[in-house]
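Some notes on the structure that comes next.
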Amino acid sequence: MKSDSIAVDVPAESSSAIKGKAPLLGLARDHTGSGGYKRGLSIFDFLLRLAAIVAALVAAATMGTSDETLPFFTQFLQFEASYDDLPTFQFFVIAIAIVAAYLVLSLPFSVVTIVRPLAVAPRLLLLVLDTAALALDTAAASAAAAIVYLAHNGNTNTNWLPICQQFGDFCQKTSGAVVSAFASVTFLAILIVISGVSLKRP
């Protein structure tokens with residue numbers, strides 16, 4: 001006795017169609033999660049840039065207005081201390097002003113990374129320029145810190161006497177400027193880390 005069998009034809013998709021669909025779904029899913037993560041980093045990047053701008057401007061303005069005059073017996077005999085008496089402090093003001101100007105100009109690129117979180121070119125550009133700004137900022141802050149240290153403590157080996165006992169206001173302003181500069185250095189370092197993490201994560 002023969003059993004009757006019914007064959008049902010089920011249309012099957014070709015292997016090329018399957019390969020074309022599956023990766024697209026997975027890719028879209030990955031980009032959605034990665035885009036939200038990178039957008040959050042971009043917003044944090046923008047806020048850090050604003051903080052770094054404030055710190056750099058405070059440092060440059062404080063150092064640029066550091067000036068103190070000590071009157072003695074007559075008005076013709078005076079001792080004055082000003083930032084432009086020392087080339088290191090002049091370099092500090094110029095370098096920090098350049099860093100502040102760069103940070104202001106970098107804000108539109110930071111906004112682009114918020115609007116287009118998956119864009120690689122703006123992040124790479126900011127990473128390179130942030131590194132250069134960090135190097136300049138660190139050099140200026142470190143050089144000024146060395147002079148401020150000498151002003152407070154002097155150097156017995158070279159007979160350099162401390163001047164902060166006489167020029168207290170001048171030393172206070174220069175010290176504050178150096179602290180603000182190192183704050184901007186910290187912000188720039190964090191910005192570089194954020195850019196590196198954003199570029200590394202797919």
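Chain labels A, B, ... are given in the sequence in which chains occur in the structure tokens; within each chain residues are numbered consecutively from 1, and ligands are likewise numbered from 1 in the order shown.
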
Please produce, as JSON lines, a per-residue contact table for region 95-147 of chain A versus region 157-176 of chain A (criterion: any atom at most 12 Å away, only C-alpha atoms considered), showing the nearest atom pair and its distance in Å to one decimal, sorted by chain then residue number.
{"residue": "A:Ala141", "atom": "CA", "partner": "A:Ser175", "partner_atom": "CA", "distance": 10.4}
{"residue": "A:Ser142", "atom": "CA", "partner": "A:Ser175", "partner_atom": "CA", "distance": 11.8}
{"residue": "A:Ala143", "atom": "CA", "partner": "A:Thr174", "partner_atom": "CA", "distance": 12.0}
{"residue": "A:Ala144", "atom": "CA", "partner": "A:Thr174", "partner_atom": "CA", "distance": 8.2}
{"residue": "A:Ala145", "atom": "CA", "partner": "A:Ser175", "partner_atom": "CA", "distance": 7.6}
{"residue": "A:Ala146", "atom": "CA", "partner": "A:Ser175", "partner_atom": "CA", "distance": 10.5}
{"residue": "A:Ile147", "atom": "CA", "partner": "A:Thr174", "partner_atom": "CA", "distance": 9.4}

Checklist line | Within 10 Å of region 50-66 of chain A using only C-alpha atoms, minus same-chain residues under 3 positions, as a ChimeraX atom specification | finding: /A:45-47,81-84,89-90,92-104,107,137,141,144,169-188,191

Can those selected residues be exported to a file as a PDB file, in the first residue's frame so that it contains C-alpha atoms?
ATOM      1  CA  ASP A  45      32.978  68.016  26.318  1.00  0.00           C
ATOM      2  CA  PHE A  46      31.145  71.281  25.579  1.00  0.00           C
ATOM      3  CA  LEU A  47      30.632  72.055  29.271  1.00  0.00           C
ATOM      4  CA  ALA A  81      56.635  94.938  40.692  1.00  0.00           C
ATOM      5  CA  SER A  82      54.658  94.140  37.563  1.00  0.00           C
ATOM      6  CA  TYR A  83      54.129  91.098  35.390  1.00  0.00           C
ATOM      7  CA  ASP A  84      55.847  92.749  32.413  1.00  0.00           C
ATOM      8  CA  PHE A  89      55.088  86.227  33.104  1.00  0.00           C
ATOM      9  CA  GLN A  90      54.764  87.937  29.723  1.00  0.00           C
ATOM     10  CA  PHE A  92      52.344  83.274  30.507  1.00  0.00           C
ATOM     11  CA  VAL A  93      49.832  85.994  29.607  1.00  0.00           C
ATOM     12  CA  ILE A  94      50.328  85.553  25.856  1.00  0.00           C
ATOM     13  CA  ALA A  95      50.206  81.744  25.958  1.00  0.00           C
ATOM     14  CA  ILE A  96      47.125  81.554  28.179  1.00  0.00           C
ATOM     15  CA  ALA A  97      45.364  84.137  26.017  1.00  0.00           C
ATOM     16  CA  ILE A  98      46.095  82.002  22.938  1.00  0.00           C
ATOM     17  CA  VAL A  99      44.702  78.924  24.705  1.00  0.00           C
ATOM     18  CA  ALA A 100      41.559  80.818  25.711  1.00  0.00           C
ATOM     19  CA  ALA A 101      41.055  82.064  22.135  1.00  0.00           C
ATOM     20  CA  TYR A 102      41.468  78.534  20.783  1.00  0.00           C
ATOM     21  CA  LEU A 103      38.936  77.160  23.257  1.00  0.00           C
ATOM     22  CA  VAL A 104      36.405  79.783  22.170  1.00  0.00           C
ATOM     23  CA  LEU A 107      33.092  75.566  20.616  1.00  0.00           C
ATOM     24  CA  ASP A 137      49.157  75.726  28.632  1.00  0.00           C
ATOM     25  CA  ALA A 141      51.806  77.395  33.879  1.00  0.00           C
ATOM     26  CA  ALA A 144      55.196  80.844  35.891  1.00  0.00           C
ATOM     27  CA  ASP A 169      49.508  91.692  46.657  1.00  0.00           C
ATOM     28  CA  PHE A 170      51.669  91.050  43.617  1.00  0.00           C
ATOM     29  CA  CYS A 171      52.568  87.548  44.783  1.00  0.00           C
ATOM     30  CA  GLN A 172      48.974  86.788  45.688  1.00  0.00           C
ATOM     31  CA  LYS A 173      47.753  87.695  42.210  1.00  0.00           C
ATOM     32  CA  THR A 174      50.478  85.780  40.409  1.00  0.00           C
ATOM     33  CA  SER A 175      49.848  82.721  42.563  1.00  0.00           C
ATOM     34  CA  GLY A 176      46.140  82.878  41.793  1.00  0.00           C
ATOM     35  CA  ALA A 177      46.885  83.149  38.094  1.00  0.00           C
ATOM     36  CA  VAL A 178      49.045  80.030  38.198  1.00  0.00           C
ATOM     37  CA  VAL A 179      46.347  78.069  40.047  1.00  0.00           C
ATOM     38  CA  SER A 180      43.754  79.074  37.435  1.00  0.00           C
ATOM     39  CA  ALA A 181      46.135  78.070  34.658  1.00  0.00           C
ATOM     40  CA  PHE A 182      46.619  74.614  36.146  1.00  0.00           C
ATOM     41  CA  ALA A 183      42.822  74.321  36.399  1.00  0.00           C
ATOM     42  CA  SER A 184      42.583  74.896  32.648  1.00  0.00           C
ATOM     43  CA  VAL A 185      45.349  72.307  32.180  1.00  0.00           C
ATOM     44  CA  THR A 186      43.227  69.785  34.068  1.00  0.00           C
ATOM     45  CA  PHE A 187      40.160  70.558  31.965  1.00  0.00           C
ATOM     46  CA  LEU A 188      42.149  70.191  28.741  1.00  0.00           C
ATOM     47  CA  LEU A 191      38.924  66.817  27.136  1.00  0.00           C
TER      48      LEU A 191
END
